[in-house]
Every structure is written in C-alpha cells, then in structure tokens.
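Read through the structure below, which is laid out as structure tokens, and then see the notes.
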Amino acid sequence: MWTPEVIMMIVKGIGETLYMTLVGTVIGYVLGLPWGVALDITAADGIRPNRAVYRVLDVSANILRSIPFLILLIAIQPFTRLLVGKSYGPTATIVPLVISAAPMIARMVESSLKEVDTGVIEAAQSMGATTMDIIFHVKLLESRVSLISGATISMGTILGYTAMAGVTGGGGLGDIAIRYGYYRYQADIMIVTVILLVVLVQIFQLIGNAIASKLDKRKK
Amino acid sequence: MANVIEVQGLSKRFQTADREVQALKDINLQIEEGDIYGIIGMSGAGKSTLVRCLNFLEVPTEGKVTVRGKQLDQLSEKELREERTQIGMIFQGFNLLMQKNVLDNVCFPMVIHGVKKQDAVACAKSLLEMVGLSSKETSYPAQLSGGQQQRVAIARALALQPKILLCDEATSALDPQTTNSILQLLKKINQEMGITIIIITHQMSVVREICHHVAILENGQIAEKGLVEEIFVHPKSRAAKMLVIEGRDPDEWEAEAEKQEVHELHESRRLRIVFSANSSYEPVIANMVLATKTPVNILFADTKDVGGVARGQMILGLPSGEEAQARIITYLKGHGLEVEEVAGNVDA
C-alpha cells in the first residue's frame with residue numbers, strides 16, 4: 001500500500017498545497033490589502049470619508065464573501081479557463097482562491113486598521129501628515145501585529161479552500177483525500193492527508209505567532 | 001507685540017443623530033507672540049474643540065481663525081499642511097507611535113516632511129537632550145512613564161521648529177509632581193525658544209503656574225479673559241470667581257453649586273481682600289481689629305503663587321451695623337489692599 005508511488009504522490013500533494021496556499025495568499029493580499037485600506041479610510045469615521053466609494057467596496061466585499069467557495073470554484077470555471085487556459089490543477093485553483101480570499105482579507109485588514117488609536121492619527125495630522133503618510137507611517141505600522149495575526153488566519157482559511165478545490169481536480173492534499181479516501185474508500189490515505197493538513201495549519205500558526213510577537217513593541 | 005493667533009466670531013456646531021450641539025459660540029481671542037495663554041474650563045465646555053480649531057483639526061462652523069497672518073479657511077489643503085508644521089501640538093494621551101522607538105518617534109514628523117534621515121536623527125537627539133531623555137533613545141513608549149512619554153511628545157512637537165505649541169490637557173494624565181516638571185519644561189521652551197504656547201486645562205494650578213493670559217470658557221463661551229494676575233485680583237464673572245475665590249477647578253463647579261446654599265453664612269456682608277507680596281508681612285487684620293475695635297470673622301484665607309508672585313486672599317464676614325462696616329472698609333482701603341464686596345453666595 002505505501003508504495004514509493006503513493007509516497008511521491010503525497011509529497012507532491014504537500015508541495016501543491018503549499019504552492020496554492022502561499023501564492024493564493026500573496027495575490028490575495030495584493031488585492032485585499034489596498035481594498036481593506038480603502039474601506040478603512042473612506043468609511044464615515046475614516047480619514048477620507050467618501051460614502052460612494054465606501055458603498056461600492058463594502059457591497060462588493062459582502063457579495064463575494066457570501067458565495068460559498070465550492071460554488072464559486074465551479075461557477076467561475078469559464079473565467080478560470082480564460083485566464084490560465086484550463087480549469088483544473090493547482091495554478092487554475094489559485095484563481096477562485098484569490099477571488100474568494102481577497103474580500104475576506106480586505107475585511108481583516110479593515111478591522112486591523114480600525115484598531116489604530118485615533119489620537120495617534122490626530123497627532124500625525126497636526127504635524128501636517130498627508131493621507132498617504134498616515135496610511136504607511138501610522139496605520140499600517142501601528143497595526144502590524146494585528147495584520148500579521150490576520151494574515152495567519154487568512155492563510156489557514158485559504159489552505160482549507162485548497163482542499164475543497166480537490167472536487168474539481170484542483171491538486172494538492174485535498175485532491176488526494178477526495179480521490180483516494182472518498183472515491184476509492186482508502187481511509188488510510190485520507191487519514192494521512194488530514195494529519196498533514198493539520199500539521200501545516202499548526203506550522204503556519206506557529207510562524208505567524210512568532211513573527212507577531214517579535215514585531216510587537218507594546219510590551220513592557 | 002503682534003498677535004500670532006487671532007480668533008474672530010468663532011462658532012462650532014456638531015450635528016448628532018437627533019440634535020445639533022453648539023460646542024462653541026462667538027469666541028474672540030487674540031494671542032500675542034511669545035505668550036503663554038491658558039484656556040480653562042470644565043470638561044464639555046468646548047476647550048478641546050477650540051484648540052483644534054486653532055490648527056483646523058476641527059473646522060469651525062462660523063468665524064475666522066488667523067494664524068501668523070494667514071486665515072486658515074483660505075488655505076489649500078497643501079498650504080494648511082505646511083502651516084501645521086508651524087503649530088506643534090501635544091495631547092493628554094501623548095499619542096506616540098507605540099511601535100516605534102523614542103528616537104524614531106521624534107524623527108517621524110521630519111521624515112514625513114522629507115528631512116534627510118541623518119539630519120533628522122541629529123535634530124531628534126538634540127531635542128531629546130533638551131527634554132532630558134537622551135538615555136531613552138532606543139526605548140519604546142510602552143517602557144516609559146507618563147511623564148517621559150509626554151517629554152517625547154514635546155520633543156516630537158518641536159521637531160519641525162514650530163512657532164506655536166498647542167497643549168491639549170497635556171498634564172491631566174500626570175501626577176502633580178510630574179505635572180510640575182512638564183510645566184517647567186514648557187516654561188523653558190517658551191523663554192528659550194520664544195515659542196507661543198496655548199494651554200488647555202481644567203486645573204487652575206496649571207494656569208497660575210505658567211500662564212500670562214487666560215480665557216475662562218463656560219458652556220462654549222468665553223466668560224472672562226485677560227491677564228492671569230488681573231483676573232486673580234478682580235474676578236468679575238461667576239466662573240472666574242469660582243476659580244479664584246473658591247479655588248475650585250471647573251469640574252467641581254456644578255457639584256459644589258448645590259452644596260453652597262446649605263451653608264450660607266450669617267454675616268450680612270462679605271469682603272474679599274487681596275494681599276500683594278509686601279502687604280503680606282504686616283498683620284493687617286489684627287491691626288484693623290485693634291484700630292476699629294470691631295471683630296471680624298475670617299471665612300476663608302489662602303496664599304497662591306500667581307506667576308511667581310505670592311498673592312494672599314481672604315474673605316471676611318463683617319458684623320452688622322453700617323457704621324462699623326464702613327470703618328473696616330475705610331481702614332483696609334487706607335492700607336492699600338484690594339477690597340471687593342462679595343455677595344452672600346459667591347455665584348449670586
């Protein structure tokens with residue numbers, strides 16, 4: 001049963017899962033971070049209130065977040081094919097992954113930025129800081145611990161999504177679990193993949209916590 | 001001396017969900033260059049809103065604010081940011097960047113205004129030396145005491161070499177000893193760097209300690225303003241009398257107002273007399289009793305340091321009988337004391 005082929009397949013699965021999770025998270029942040037920043041500053045109590053812009057960003061985040069990942073995965077297959085040429089495999093999975101993760105990341109970023117003390121922002125304004133100064137030198141800097149924690153949570157969620165993508169042949173550990181554990185009743189392989197997924201999430205969490213704690217200067 | 005800040009007919013209204021709140025009403029102020037100007041009032045009197053109107057962190061609903069000859073509402077956003085570099089500000093909550101160390105906090109305003117890192121560090125170091133925190137450069141704000149954090153905030157506020165420093169309840173979160181050391185530092189900054197300082201506070205002791213001029217704010221309006229010395233000797237408004245005669249800070253005004261009626265005094269007339277430094281040496285009251293052969297009741301007495309000069313004040317209850325009262329008043333005035341009638345109830 002644990003032939004070299006099976007072991008190779010699982011190792012490859014780990015590689016694909018990490019690839020999808022990491023690339024998905026990075027691209028997710030490329031879109032989600034500015035989205036979250038824009039949500040924060042254009043809100044009614046933000047530093048650049050803009051009701052129209054806020055409404056568009058807010059509603060679109062809500063709509064995308066309310067579509068379950070499994071359905072989104074299937075629904076946007078034509079779009080995925082257009083973008084990467086096929087609708088299966090790890091690279092194709094990254095497309096729905098990003099579309100699902102970006103609005104979630106935007107919300108995470110928004111709530112982290114909201115935590116920044118308004119007094120510090122006022123102090124920066126009193127020094128003649130521009131909106132960009134406040135975003136980069138105050139908001140993102142002061143909330144960095146919360147942003148890292150948010151990134152850790154996002155990564156765990158995205159890892160979970162990669163497993164769901166196994167349904168459409170998305171590759172990675174989830175794909176293996178569905179093909180062997182579900183379609184072929186090989187419970188042992190499924191258990192191994194589940195354990196590996198748990199271990200991966202643990203590792204992400206440990207790394208995330210370590211970085212957050214290292215960056216936090218608020219401790220005595 | 002030129003006015004560095006002029007406020008004309010300033011009003012500020014806030015729109016809340018169900019009603020409109022009038023925070024400030026027809027405020028007029030002239031603040032001279034090099035002055036230390038106190039604005040005192042109870043919480044909710046609009047002090048913090050007023051000080052924020054001076055650098056347009058709050059935009060007034062009506063009226064004009066002119067800082068160093070520039071009318072703030074006429075400035076473009078960029079010009080306003082530029083002008084703000086000339087107006088430093090410190091806060092009750094210090095408002096330091098908690099994730100940056102002390103040196104970087106002081107460098108921060110210079111960095112965002114494009115000062116070269118090397119020059120910014122040199123300037124920050126000399127400012128930290130001035131506020132007495134050279135040894136804390138690499139500490140983070142969370143590792144410092146409140147007084148130390150406020151010193152960092154002061155160094156930061158001075159980094160762009162402003163002409164004006166706004167202090168919004170800057171000592172309210174500090175204990176009396178630390179408050180005093182911060183006030184001495186502000187005094188030094190005023191004298192050595194010639195920076196005009198505006199101090200918002202609810203503590204009369206702060207005004208007495210360092211302010212030259214004061215405006216008393218009550219319910220969004222200026223009840224009285226002028227030289228601290230002058231207001232201490234001749235308080236006219238109810239609010240000023242509360243502050244000076246009763247020695248009560250504004251936050252205690254309302255609670256105390258009720259109590260007052262309970263122990264209304266029996267004397268038919270009350271006099272407030274103020275001693276200047278030299279008259280404090282003579283036993284005036286004792287001599288007066290001997291001379292007029294009329295006993296008086298000392299209801300209240302204390303000595304306060306007003307701008308470095310000892311000022312004593314006393315409230316006397318006079319016996320009934322107009323002739324005796326007249327004798328006392330003539331005697332006191334004859335000895336060069338400031339005499340002023342106070343009503344049975346101070347706020348009556």
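A note on labels: chains of the structure tokens are A, B, ... as shown, every chain counts residues from 1, and ligands are counted from 1 in their shown order.
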
Set the distance at 12 Å and use only C-alpha atoms: which residues neighbour stretch 111-128 of chain B once local chain neighbours fewer than 4 positions away are removed? I'd like the list as a VMD selection string.
(chain A and resid 124 to 125 127 to 138) or (chain B and resid 81 to 82 84 to 85 101 to 107 132 to 138 148 to 161 189 193)

Using only C-alpha atoms and a cut-off of 10 Å, which residues of chain B sit close to chain A? Please list them as a PyMOL selection string.
chain B and resi 52+55-57+77-101+108-113+139-144+153+156-160+162+166

Excluding A:Pro103 and its own-chain neighbours fewer than 6 positions away, which residues fall within 9 Å of it when counting only C-alpha atoms? Please give them as a PDB file with all heavy atoms, in the first residue's frame.
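Contents of the output file result_7.pdb:
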ATOM      1  N   GLY A  28      -3.829  37.308  -2.946  1.00  0.00           N
ATOM      2  CA  GLY A  28      -4.982  37.756  -2.155  1.00  0.00           C
ATOM      3  C   GLY A  28      -4.672  39.068  -1.441  1.00  0.00           C
ATOM      4  O   GLY A  28      -5.496  39.984  -1.395  1.00  0.00           O
ATOM      5  N   LEU A  31      -4.464  42.224  -3.707  1.00  0.00           N
ATOM      6  CA  LEU A  31      -5.778  42.848  -3.935  1.00  0.00           C
ATOM      7  C   LEU A  31      -6.447  43.288  -2.624  1.00  0.00           C
ATOM      8  O   LEU A  31      -7.016  44.367  -2.537  1.00  0.00           O
ATOM      9  CB  LEU A  31      -6.705  41.854  -4.655  1.00  0.00           C
ATOM     10  CG  LEU A  31      -6.260  41.384  -6.045  1.00  0.00           C
ATOM     11  CD1 LEU A  31      -7.197  40.301  -6.564  1.00  0.00           C
ATOM     12  CD2 LEU A  31      -6.226  42.562  -7.009  1.00  0.00           C
ATOM     13  N   GLY A  32      -6.354  42.431  -1.612  1.00  0.00           N
ATOM     14  CA  GLY A  32      -7.117  42.653  -0.382  1.00  0.00           C
ATOM     15  C   GLY A  32      -6.577  43.776   0.492  1.00  0.00           C
ATOM     16  O   GLY A  32      -7.340  44.478   1.152  1.00  0.00           O
ATOM     17  N   TRP A  35      -7.645  47.131  -0.838  1.00  0.00           N
ATOM     18  CA  TRP A  35      -9.101  47.119  -0.681  1.00  0.00           C
ATOM     19  C   TRP A  35      -9.468  47.433   0.768  1.00  0.00           C
ATOM     20  O   TRP A  35     -10.309  48.287   1.051  1.00  0.00           O
ATOM     21  CB  TRP A  35      -9.612  45.734  -1.093  1.00  0.00           C
ATOM     22  CG  TRP A  35     -11.078  45.565  -1.275  1.00  0.00           C
ATOM     23  CD1 TRP A  35     -12.085  46.372  -0.818  1.00  0.00           C
ATOM     24  CD2 TRP A  35     -11.715  44.492  -1.969  1.00  0.00           C
ATOM     25  NE1 TRP A  35     -13.297  45.861  -1.187  1.00  0.00           N
ATOM     26  CE2 TRP A  35     -13.100  44.708  -1.895  1.00  0.00           C
ATOM     27  CE3 TRP A  35     -11.238  43.351  -2.641  1.00  0.00           C
ATOM     28  CZ2 TRP A  35     -14.025  43.828  -2.458  1.00  0.00           C
ATOM     29  CZ3 TRP A  35     -12.166  42.479  -3.198  1.00  0.00           C
ATOM     30  CH2 TRP A  35     -13.542  42.714  -3.117  1.00  0.00           C
ATOM     31  N   GLY A  36      -8.794  46.758   1.703  1.00  0.00           N
ATOM     32  CA  GLY A  36      -9.058  46.991   3.121  1.00  0.00           C
ATOM     33  C   GLY A  36      -8.682  48.409   3.546  1.00  0.00           C
ATOM     34  O   GLY A  36      -9.397  49.062   4.310  1.00  0.00           O
ATOM     35  N   SER A  60     -19.477  45.134  -2.627  1.00  0.00           N
ATOM     36  CA  SER A  60     -18.819  44.092  -3.420  1.00  0.00           C
ATOM     37  C   SER A  60     -18.123  43.070  -2.516  1.00  0.00           C
ATOM     38  O   SER A  60     -18.146  41.872  -2.804  1.00  0.00           O
ATOM     39  CB  SER A  60     -17.864  44.687  -4.447  1.00  0.00           C
ATOM     40  OG  SER A  60     -17.008  45.604  -3.822  1.00  0.00           O
ATOM     41  N   ALA A  61     -17.545  43.535  -1.410  1.00  0.00           N
ATOM     42  CA  ALA A  61     -16.932  42.583  -0.470  1.00  0.00           C
ATOM     43  C   ALA A  61     -17.997  41.650   0.103  1.00  0.00           C
ATOM     44  O   ALA A  61     -17.795  40.436   0.186  1.00  0.00           O
ATOM     45  CB  ALA A  61     -16.217  43.335   0.649  1.00  0.00           C
ATOM     46  N   ASN A  62     -19.138  42.217   0.438  1.00  0.00           N
ATOM     47  CA  ASN A  62     -20.206  41.393   1.007  1.00  0.00           C
ATOM     48  C   ASN A  62     -20.709  40.352   0.013  1.00  0.00           C
ATOM     49  O   ASN A  62     -20.933  39.200   0.375  1.00  0.00           O
ATOM     50  CB  ASN A  62     -21.386  42.274   1.438  1.00  0.00           C
ATOM     51  CG  ASN A  62     -21.063  43.030   2.712  1.00  0.00           C
ATOM     52  OD1 ASN A  62     -20.083  42.703   3.391  1.00  0.00           O
ATOM     53  ND2 ASN A  62     -21.858  44.035   3.024  1.00  0.00           N
ATOM     54  N   LEU A  64     -19.181  39.007  -2.662  1.00  0.00           N
ATOM     55  CA  LEU A  64     -18.205  37.944  -2.906  1.00  0.00           C
ATOM     56  C   LEU A  64     -18.060  37.032  -1.692  1.00  0.00           C
ATOM     57  O   LEU A  64     -17.879  35.831  -1.832  1.00  0.00           O
ATOM     58  CB  LEU A  64     -16.850  38.537  -3.283  1.00  0.00           C
ATOM     59  CG  LEU A  64     -16.761  39.076  -4.715  1.00  0.00           C
ATOM     60  CD1 LEU A  64     -15.409  39.719  -4.950  1.00  0.00           C
ATOM     61  CD2 LEU A  64     -16.982  37.951  -5.728  1.00  0.00           C
ATOM     62  N   ARG A  65     -18.149  37.640  -0.496  1.00  0.00           N
ATOM     63  CA  ARG A  65     -17.985  36.819   0.712  1.00  0.00           C
ATOM     64  C   ARG A  65     -19.176  35.921   0.979  1.00  0.00           C
ATOM     65  O   ARG A  65     -19.068  34.948   1.707  1.00  0.00           O
ATOM     66  CB  ARG A  65     -17.708  37.697   1.936  1.00  0.00           C
ATOM     67  CG  ARG A  65     -16.363  38.310   1.818  1.00  0.00           C
ATOM     68  CD  ARG A  65     -15.609  38.631   3.065  1.00  0.00           C
ATOM     69  NE  ARG A  65     -16.266  38.639   4.340  1.00  0.00           N
ATOM     70  CZ  ARG A  65     -16.158  37.652   5.216  1.00  0.00           C
ATOM     71  NH1 ARG A  65     -15.458  36.587   4.941  1.00  0.00           N
ATOM     72  NH2 ARG A  65     -16.749  37.752   6.369  1.00  0.00           N
TER      73      ARG A  65
END

Compile the contact shell of B:Lys47 as an mmCIF file with C-alpha atoms, in the first residue's frame: residues with an atom at most 8 Å away, counting only C-alpha atoms, same-chain residues fewer than 3 positions apart removed.
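Once everything was written out, this is around39.cif:
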data_model
loop_
_atom_site.group_PDB
_atom_site.id
_atom_site.type_symbol
_atom_site.label_atom_id
_atom_site.label_comp_id
_atom_site.auth_asym_id
_atom_site.auth_seq_id
_atom_site.Cartn_x
_atom_site.Cartn_y
_atom_site.Cartn_z
ATOM 1 C CA ILE B 39 -7.790 78.304 28.253
ATOM 2 C CA ILE B 40 -9.572 76.868 31.252
ATOM 3 C CA GLY B 41 -12.991 75.329 31.562
ATOM 4 C CA SER B 43 -14.963 69.129 30.612
ATOM 5 C CA GLY B 44 -17.584 69.650 27.949
ATOM 6 C CA LEU B 50 -11.440 75.315 20.488
ATOM 7 C CA VAL B 51 -7.780 74.277 20.449
ATOM 8 C CA ILE B 200 -5.895 73.906 27.545
ATOM 9 C CA THR B 201 -6.585 72.734 31.061
ATOM 10 C CA LEU B 217 -14.564 79.021 28.936
ATOM 11 C CA GLY B 220 -18.866 77.111 24.846
#

Where does DSSP see strand (DSSP E) in stretch 83-134 of chain B, if you list the residues as a list in words?
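Of stretch 83-134 of chain B, the ones in strand (DSSP E) are Ile87, Gly88, Met89, Ile90 and Phe91 of chain B.
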
With a distance cut-off of 12 Å and only C-alpha atoms, select the neighbouring residues of B:Asn28, excluding the residue or stretch itself and same-chain residues fewer than 4 positions from it, and output the selection as a PDB file with N, CA, C and O atoms, in the first residue's frame.
ATOM      1  N   ILE B   5      -1.973  84.617  16.972  1.00  0.00           N
ATOM      2  CA  ILE B   5      -3.244  83.939  16.686  1.00  0.00           C
ATOM      3  C   ILE B   5      -4.383  84.917  16.930  1.00  0.00           C
ATOM      4  O   ILE B   5      -4.412  85.604  17.955  1.00  0.00           O
ATOM      5  N   GLU B   6      -5.302  84.973  15.973  1.00  0.00           N
ATOM      6  CA  GLU B   6      -6.487  85.788  16.158  1.00  0.00           C
ATOM      7  C   GLU B   6      -7.723  84.965  15.828  1.00  0.00           C
ATOM      8  O   GLU B   6      -7.795  84.336  14.782  1.00  0.00           O
ATOM      9  N   VAL B   7      -8.655  84.960  16.749  1.00  0.00           N
ATOM     10  CA  VAL B   7      -9.889  84.216  16.530  1.00  0.00           C
ATOM     11  C   VAL B   7     -11.025  85.222  16.564  1.00  0.00           C
ATOM     12  O   VAL B   7     -11.127  86.013  17.506  1.00  0.00           O
ATOM     13  N   GLN B   8     -11.841  85.211  15.513  1.00  0.00           N
ATOM     14  CA  GLN B   8     -12.935  86.190  15.445  1.00  0.00           C
ATOM     15  C   GLN B   8     -14.265  85.496  15.215  1.00  0.00           C
ATOM     16  O   GLN B   8     -14.431  84.758  14.239  1.00  0.00           O
ATOM     17  N   GLY B   9     -15.180  85.720  16.127  1.00  0.00           N
ATOM     18  CA  GLY B   9     -16.555  85.231  15.974  1.00  0.00           C
ATOM     19  C   GLY B   9     -16.663  83.751  15.684  1.00  0.00           C
ATOM     20  O   GLY B   9     -17.515  83.312  14.921  1.00  0.00           O
ATOM     21  N   LEU B  10     -15.787  82.967  16.334  1.00  0.00           N
ATOM     22  CA  LEU B  10     -15.764  81.534  16.024  1.00  0.00           C
ATOM     23  C   LEU B  10     -16.906  80.781  16.707  1.00  0.00           C
ATOM     24  O   LEU B  10     -17.136  80.922  17.905  1.00  0.00           O
ATOM     25  N   SER B  11     -17.637  80.003  15.917  1.00  0.00           N
ATOM     26  CA  SER B  11     -18.660  79.114  16.455  1.00  0.00           C
ATOM     27  C   SER B  11     -18.471  77.730  15.871  1.00  0.00           C
ATOM     28  O   SER B  11     -17.975  77.590  14.759  1.00  0.00           O
ATOM     29  N   LEU B  24     -19.166  75.643  20.554  1.00  0.00           N
ATOM     30  CA  LEU B  24     -18.517  76.928  20.794  1.00  0.00           C
ATOM     31  C   LEU B  24     -19.383  78.031  20.211  1.00  0.00           C
ATOM     32  O   LEU B  24     -20.000  77.861  19.168  1.00  0.00           O
ATOM     33  N   LEU B  50     -12.026  74.004  20.768  1.00  0.00           N
ATOM     34  CA  LEU B  50     -11.440  75.315  20.488  1.00  0.00           C
ATOM     35  C   LEU B  50      -9.981  75.182  20.058  1.00  0.00           C
ATOM     36  O   LEU B  50      -9.557  75.762  19.056  1.00  0.00           O
ATOM     37  N   GLU B  62     -18.527  78.746  11.959  1.00  0.00           N
ATOM     38  CA  GLU B  62     -18.517  80.162  11.600  1.00  0.00           C
ATOM     39  C   GLU B  62     -17.264  80.802  12.178  1.00  0.00           C
ATOM     40  O   GLU B  62     -16.700  80.303  13.139  1.00  0.00           O
ATOM     41  N   GLY B  63     -16.916  81.934  11.620  1.00  0.00           N
ATOM     42  CA  GLY B  63     -15.823  82.706  12.203  1.00  0.00           C
ATOM     43  C   GLY B  63     -14.496  82.493  11.511  1.00  0.00           C
ATOM     44  O   GLY B  63     -14.361  81.650  10.635  1.00  0.00           O
ATOM     45  N   LYS B  64     -13.529  83.312  11.937  1.00  0.00           N
ATOM     46  CA  LYS B  64     -12.218  83.309  11.295  1.00  0.00           C
ATOM     47  C   LYS B  64     -11.143  82.937  12.297  1.00  0.00           C
ATOM     48  O   LYS B  64     -11.159  83.371  13.434  1.00  0.00           O
ATOM     49  N   VAL B  65     -10.191  82.133  11.836  1.00  0.00           N
ATOM     50  CA  VAL B  65      -9.009  81.851  12.635  1.00  0.00           C
ATOM     51  C   VAL B  65      -7.813  82.305  11.812  1.00  0.00           C
ATOM     52  O   VAL B  65      -7.614  81.844  10.688  1.00  0.00           O
ATOM     53  N   THR B  66      -7.053  83.237  12.353  1.00  0.00           N
ATOM     54  CA  THR B  66      -5.883  83.737  11.638  1.00  0.00           C
ATOM     55  C   THR B  66      -4.637  83.386  12.437  1.00  0.00           C
ATOM     56  O   THR B  66      -4.515  83.762  13.599  1.00  0.00           O
ATOM     57  N   ALA B 215      -8.170  82.623  29.326  1.00  0.00           N
ATOM     58  CA  ALA B 215      -9.566  82.774  28.940  1.00  0.00           C
ATOM     59  C   ALA B 215     -10.345  81.691  29.668  1.00  0.00           C
ATOM     60  O   ALA B 215      -9.919  80.539  29.695  1.00  0.00           O
ATOM     61  N   ILE B 216     -11.436  82.091  30.296  1.00  0.00           N
ATOM     62  CA  ILE B 216     -12.246  81.117  31.010  1.00  0.00           C
ATOM     63  C   ILE B 216     -13.434  80.756  30.137  1.00  0.00           C
ATOM     64  O   ILE B 216     -14.197  81.626  29.710  1.00  0.00           O
ATOM     65  N   LEU B 217     -13.537  79.491  29.860  1.00  0.00           N
ATOM     66  CA  LEU B 217     -14.564  79.021  28.936  1.00  0.00           C
ATOM     67  C   LEU B 217     -15.675  78.344  29.734  1.00  0.00           C
ATOM     68  O   LEU B 217     -15.411  77.490  30.576  1.00  0.00           O
ATOM     69  N   GLY B 220     -19.180  76.741  26.225  1.00  0.00           N
ATOM     70  CA  GLY B 220     -18.866  77.111  24.846  1.00  0.00           C
ATOM     71  C   GLY B 220     -18.655  78.590  24.617  1.00  0.00           C
ATOM     72  O   GLY B 220     -18.463  79.024  23.489  1.00  0.00           O
ATOM     73  N   GLN B 221     -18.684  79.383  25.694  1.00  0.00           N
ATOM     74  CA  GLN B 221     -18.471  80.825  25.537  1.00  0.00           C
ATOM     75  C   GLN B 221     -17.364  81.291  26.467  1.00  0.00           C
ATOM     76  O   GLN B 221     -17.114  80.668  27.496  1.00  0.00           O
ATOM     77  N   ILE B 222     -16.741  82.394  26.087  1.00  0.00           N
ATOM     78  CA  ILE B 222     -15.720  82.926  26.974  1.00  0.00           C
ATOM     79  C   ILE B 222     -16.390  83.777  28.041  1.00  0.00           C
ATOM     80  O   ILE B 222     -17.054  84.767  27.741  1.00  0.00           O
ATOM     81  N   ALA B 223     -16.253  83.335  29.297  1.00  0.00           N
ATOM     82  CA  ALA B 223     -16.886  84.055  30.396  1.00  0.00           C
ATOM     83  C   ALA B 223     -16.051  85.278  30.764  1.00  0.00           C
ATOM     84  O   ALA B 223     -16.575  86.316  31.148  1.00  0.00           O
ATOM     85  N   GLU B 224     -14.737  85.131  30.646  1.00  0.00           N
ATOM     86  CA  GLU B 224     -13.850  86.209  31.026  1.00  0.00           C
ATOM     87  C   GLU B 224     -12.464  85.906  30.495  1.00  0.00           C
ATOM     88  O   GLU B 224     -12.066  84.756  30.390  1.00  0.00           O
ATOM     89  N   LYS B 225     -11.732  86.952  30.117  1.00  0.00           N
ATOM     90  CA  LYS B 225     -10.358  86.712  29.672  1.00  0.00           C
ATOM     91  C   LYS B 225      -9.506  87.914  30.031  1.00  0.00           C
ATOM     92  O   LYS B 225     -10.014  89.008  30.245  1.00  0.00           O
TER      93      LYS B 225
END

Which residue out of B:Gly317, B:Gln177, B:Leu72, B:Met42 has the minimum interatomic distance to B:Met204 when only C-alpha atoms are used?
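Of all the options, B:Met42 lies closest to B:Met204.
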
Stretch 17-26 of chain A: which residues within 12 Å, counting only C-alpha atoms, same-chain residues fewer than 5 positions away excluded, as a PyMOL selection string?
chain A and resi 10-12+31-33+89-106+150-166+170-176+193+196-197+200-201+203-204

Top pick for closest residue to B:Gln325, considering B:Val67, B:Met288, B:Val233, B:Ala240 and counting only C-alpha atoms:
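Distance minimum relative to B:Gln325 lands on B:Met288.
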
Do a neighbour search on B:Lys188 at 12 Å with only C-alpha atoms, toss out local chain neighbours closer than 6 positions, and write the hits as number ranges by chain.
B: 34, 36, 130-131, 181-182, 194-197, 210

In Å, how far is it from atom CA of A:Ser213 to atom CA of A:Ser111?
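If I compute the distance from atom CA of A:Ser213 to atom CA of A:Ser111, I get 19.1 Å.
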
If you run DSSP on the backbone, which residues of stretch 68-220 of chain A are alpha helix (DSSP H), as a PyMOL selection string?
chain A and resi 69-75+77-84+90-114+118-126+131-133+140-142+144-164+172-176+187-215

Quick one: distance from atom CA of B:Lys25 to atom CA of B:Ile198 in Å, one decimal?
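Interatomic distance here is 19.3 Å.
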
Atom pair atom CA of B:Thr171 / atom CA of B:His202: separation (Å):
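Computing the Euclidean distance for atom CA of B:Thr171 and atom CA of B:His202 yields 9.9 Å.
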
Between B:Cys53, B:Val206, B:Val21, B:Ile329, single out the one closest to B:Ser172, counting only C-alpha atoms.
B:Val206

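Of the residues under consideration (A:Ile41, A:Ala187, A:Ile148, A:Val84), A:Ile148 shows the shortest atom-to-atom contact distance to A:Asn209 when counting only C-alpha atoms.
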